[in-house]
Amino acid sequence: MGLYKIEGIVLRRRALGEADRLVTVLSKDRGKITVVAKGARRPRSRFGGRLEPPTRLKALLAEGRSLDIISQVDVLDAYQGLRKGLASMGLTNIVLEMADRALADRHPHPEVYGLLTEALALLGTGVGEMASVWFAARLLVMTGHRPSVDQCTVCGRRIRGQTTWSAVLGGCVDSGCRGRDPQAMPLSPGAVALLRFLLDAQSSAVRRAHPGPPTKAELGRALRVYAEVTWDTRLRAPAVVHRLLRTEESRAVVY
C-alpha cells in the first residue's frame, strides 16, 4: 500500500457507514479526489473538524483498492472568517460547488486550485458576491468554456444594441439570432461590461470594482445558467442560499 502527500481544499464531505466520511478534495497536483476518512464521525476522532469545507490542508494518504484513505491531516487555513454569517457561508458553498461540478476526477488543475484559493481569500475581504461571480467567470475560462461577449456567438457579427444571453448557444447573441434559443434572456449593458471585465480580471482588480447589487445579481444568474448547461449539471447552492437570504434584505444579493 503506497503513501503519498497532497495539498488541497475540502470541497464537500458526506457520511459513509456508521463512523466514516467520504471527503472530496481539490488537490493542487492531482486534481479532484474523493477519499475515505476512517472514524471521522466518531466523537473522539483524531480528525476533529479538520475535514470541514473549505479547509485548506496538507494530508498523507494511503492508496486503497477503490478509494484512498486519509492517514494524517495538517491544517493550512481553516478559513474561520468564512464560517461566520449566513452570507459568507452561503457564498463559500456556491464557490465550492462550482469547483466540484466543473472538474472531472483525478485530472490535475493547478490553475483552478490557485483560482479557488484566491476566491476564498477574496470572500474573506468582504467583497461578497463579487468573489463568487468572478470565480464563475474565470472558472469557465480556465475549463475551456469562455462565453462570447462582444461578437454574436451565432453569426459572428459585432453586437450593437440590445444584447441577449444564451447559455445553449455559448454567450451573447444579437437581436437577429435571438430566435435560435427560446430561453435566451436580455442582458443589460452593465452586466455585459462587468462580464467583459471579470473574464480576464485578476483578484486584486476585483477588490477595486464596485458594481451595483442588481448588476452583480443579473450576471450571477446568467453565469449560473451558462455553467449548468456547459457542465450538464444542476447547481444547488445558489438557489438554497438565495432562499436563506431572502429574509435578510439588507445583506448582499446573491444569485
# chains A, B, ... in the order shown; residues from 1 in each chain; ligands from 1
>>> closest_atom_pairs(of="stretch 122-192 of chain A", to="stretch 210-234 of chain A", cutoff="6 Å", atoms="only C-alpha atoms", output="tab-separated table")
residue	atom	partner	partner_atom	distance
A:Val133	CA	A:Gly220	CA	5.5
A:Ala167	CA	A:Tyr226	CA	4.4
A:Ala191	CA	A:Thr215	CA	5.4
>>> write_last_selection(atoms="N, CA and C atoms", output="compact mmCIF listing (two decimals), in the first residue's frame")
# COMPACT_ATOMS: atom_id res chain seq x y z
N VAL A 133 -19.09 35.66 -8.35
CA VAL A 133 -19.32 35.94 -9.77
C VAL A 133 -18.00 35.92 -10.54
N ALA A 167 -27.25 30.60 -22.94
CA ALA A 167 -26.35 29.58 -22.40
C ALA A 167 -26.15 28.45 -23.39
N ALA A 191 -24.29 44.57 -17.07
CA ALA A 191 -23.90 43.18 -16.88
C ALA A 191 -22.91 42.74 -17.94
>>> select_by_dssp(residues="stretch 162-239 of chain A", states="strand (DSSP E)", output="number ranges by chain")
A: 163-166, 171-173, 185-187
>>> write_last_selection(atoms="N, CA and C atoms", output="PDB file, in the first residue's frame")
ATOM      1  N   THR A 163     -28.319  43.332 -26.132  1.00  0.00           N
ATOM      2  CA  THR A 163     -27.590  42.068 -26.054  1.00  0.00           C
ATOM      3  C   THR A 163     -28.475  41.014 -25.405  1.00  0.00           C
ATOM      4  N   THR A 164     -28.437  39.825 -25.955  1.00  0.00           N
ATOM      5  CA  THR A 164     -29.196  38.698 -25.406  1.00  0.00           C
ATOM      6  C   THR A 164     -28.217  37.609 -25.003  1.00  0.00           C
ATOM      7  N   TRP A 165     -28.521  36.961 -23.887  1.00  0.00           N
ATOM      8  CA  TRP A 165     -27.632  35.932 -23.340  1.00  0.00           C
ATOM      9  C   TRP A 165     -28.233  34.550 -23.581  1.00  0.00           C
ATOM     10  N   SER A 166     -27.472  33.677 -24.233  1.00  0.00           N
ATOM     11  CA  SER A 166     -27.918  32.317 -24.496  1.00  0.00           C
ATOM     12  C   SER A 166     -26.890  31.327 -23.978  1.00  0.00           C
ATOM     13  N   GLY A 171     -23.142  32.162 -25.205  1.00  0.00           N
ATOM     14  CA  GLY A 171     -22.877  33.515 -24.736  1.00  0.00           C
ATOM     15  C   GLY A 171     -23.817  34.539 -25.325  1.00  0.00           C
ATOM     16  N   CYS A 172     -23.274  35.682 -25.710  1.00  0.00           N
ATOM     17  CA  CYS A 172     -24.088  36.791 -26.186  1.00  0.00           C
ATOM     18  C   CYS A 172     -24.475  36.613 -27.658  1.00  0.00           C
ATOM     19  N   VAL A 173     -25.709  36.945 -27.983  1.00  0.00           N
ATOM     20  CA  VAL A 173     -26.190  36.902 -29.361  1.00  0.00           C
ATOM     21  C   VAL A 173     -26.880  38.228 -29.679  1.00  0.00           C
ATOM     22  N   MET A 185     -32.181  35.247 -22.728  1.00  0.00           N
ATOM     23  CA  MET A 185     -32.691  36.341 -21.901  1.00  0.00           C
ATOM     24  C   MET A 185     -31.879  37.599 -22.149  1.00  0.00           C
ATOM     25  N   PRO A 186     -32.505  38.772 -22.025  1.00  0.00           N
ATOM     26  CA  PRO A 186     -31.767  40.023 -22.240  1.00  0.00           C
ATOM     27  C   PRO A 186     -30.703  40.218 -21.158  1.00  0.00           C
ATOM     28  N   LEU A 187     -29.615  40.841 -21.550  1.00  0.00           N
ATOM     29  CA  LEU A 187     -28.529  41.140 -20.618  1.00  0.00           C
ATOM     30  C   LEU A 187     -28.251  42.637 -20.708  1.00  0.00           C
TER      31      LEU A 187
END
>>> closest_atom_pairs(of="stretch 82-135 of chain A", to="stretch 29-36 of chain A", cutoff="12 Å", atoms="only C-alpha atoms", output="JSON lines")
{"residue": "A:Leu96", "atom": "CA", "partner": "A:Lys32", "partner_atom": "CA", "distance": 11.7}
{"residue": "A:Ala99", "atom": "CA", "partner": "A:Lys32", "partner_atom": "CA", "distance": 9.1}
{"residue": "A:Asp100", "atom": "CA", "partner": "A:Lys32", "partner_atom": "CA", "distance": 7.6}
{"residue": "A:Arg101", "atom": "CA", "partner": "A:Lys32", "partner_atom": "CA", "distance": 10.2}
{"residue": "A:Ala102", "atom": "CA", "partner": "A:Lys32", "partner_atom": "CA", "distance": 10.1}
{"residue": "A:Leu103", "atom": "CA", "partner": "A:Lys32", "partner_atom": "CA", "distance": 7.0}
{"residue": "A:Ala104", "atom": "CA", "partner": "A:Lys32", "partner_atom": "CA", "distance": 6.9}
{"residue": "A:Asp105", "atom": "CA", "partner": "A:Lys32", "partner_atom": "CA", "distance": 4.9}
{"residue": "A:Arg106", "atom": "CA", "partner": "A:Gly31", "partner_atom": "CA", "distance": 4.8}
{"residue": "A:His107", "atom": "CA", "partner": "A:Gly31", "partner_atom": "CA", "distance": 4.8}
{"residue": "A:Pro108", "atom": "CA", "partner": "A:Gly31", "partner_atom": "CA", "distance": 3.9}
{"residue": "A:His109", "atom": "CA", "partner": "A:Gly31", "partner_atom": "CA", "distance": 5.4}
{"residue": "A:Pro110", "atom": "CA", "partner": "A:Asp29", "partner_atom": "CA", "distance": 6.0}
{"residue": "A:Glu111", "atom": "CA", "partner": "A:Asp29", "partner_atom": "CA", "distance": 9.8}
{"residue": "A:Val112", "atom": "CA", "partner": "A:Gly31", "partner_atom": "CA", "distance": 9.0}
{"residue": "A:Tyr113", "atom": "CA", "partner": "A:Gly31", "partner_atom": "CA", "distance": 8.2}
{"residue": "A:Gly114", "atom": "CA", "partner": "A:Asp29", "partner_atom": "CA", "distance": 10.9}
>>> residues_around(residues="A:Asp68", least_positions_apart="3", cutoff="10 Å", atoms="only C-alpha atoms", output="list of chain:residue names")
A:Met1, A:Gly2, A:Leu3, A:Tyr4, A:Ile33, A:Thr34, A:Val35, A:Val36, A:Ala37, A:Leu61, A:Ala62, A:Glu63, A:Gly64, A:Arg65, A:Ser71
>>> atom_distance(atom1="atom CA of A:Arg236", atom2="atom CA of A:Lys58")
28.2 Å
>>> closest_residue(among="A:Ala184, A:Val206, A:Ala78, A:Ala59", to="A:Ala119", atoms="only C-alpha atoms")
A:Val206
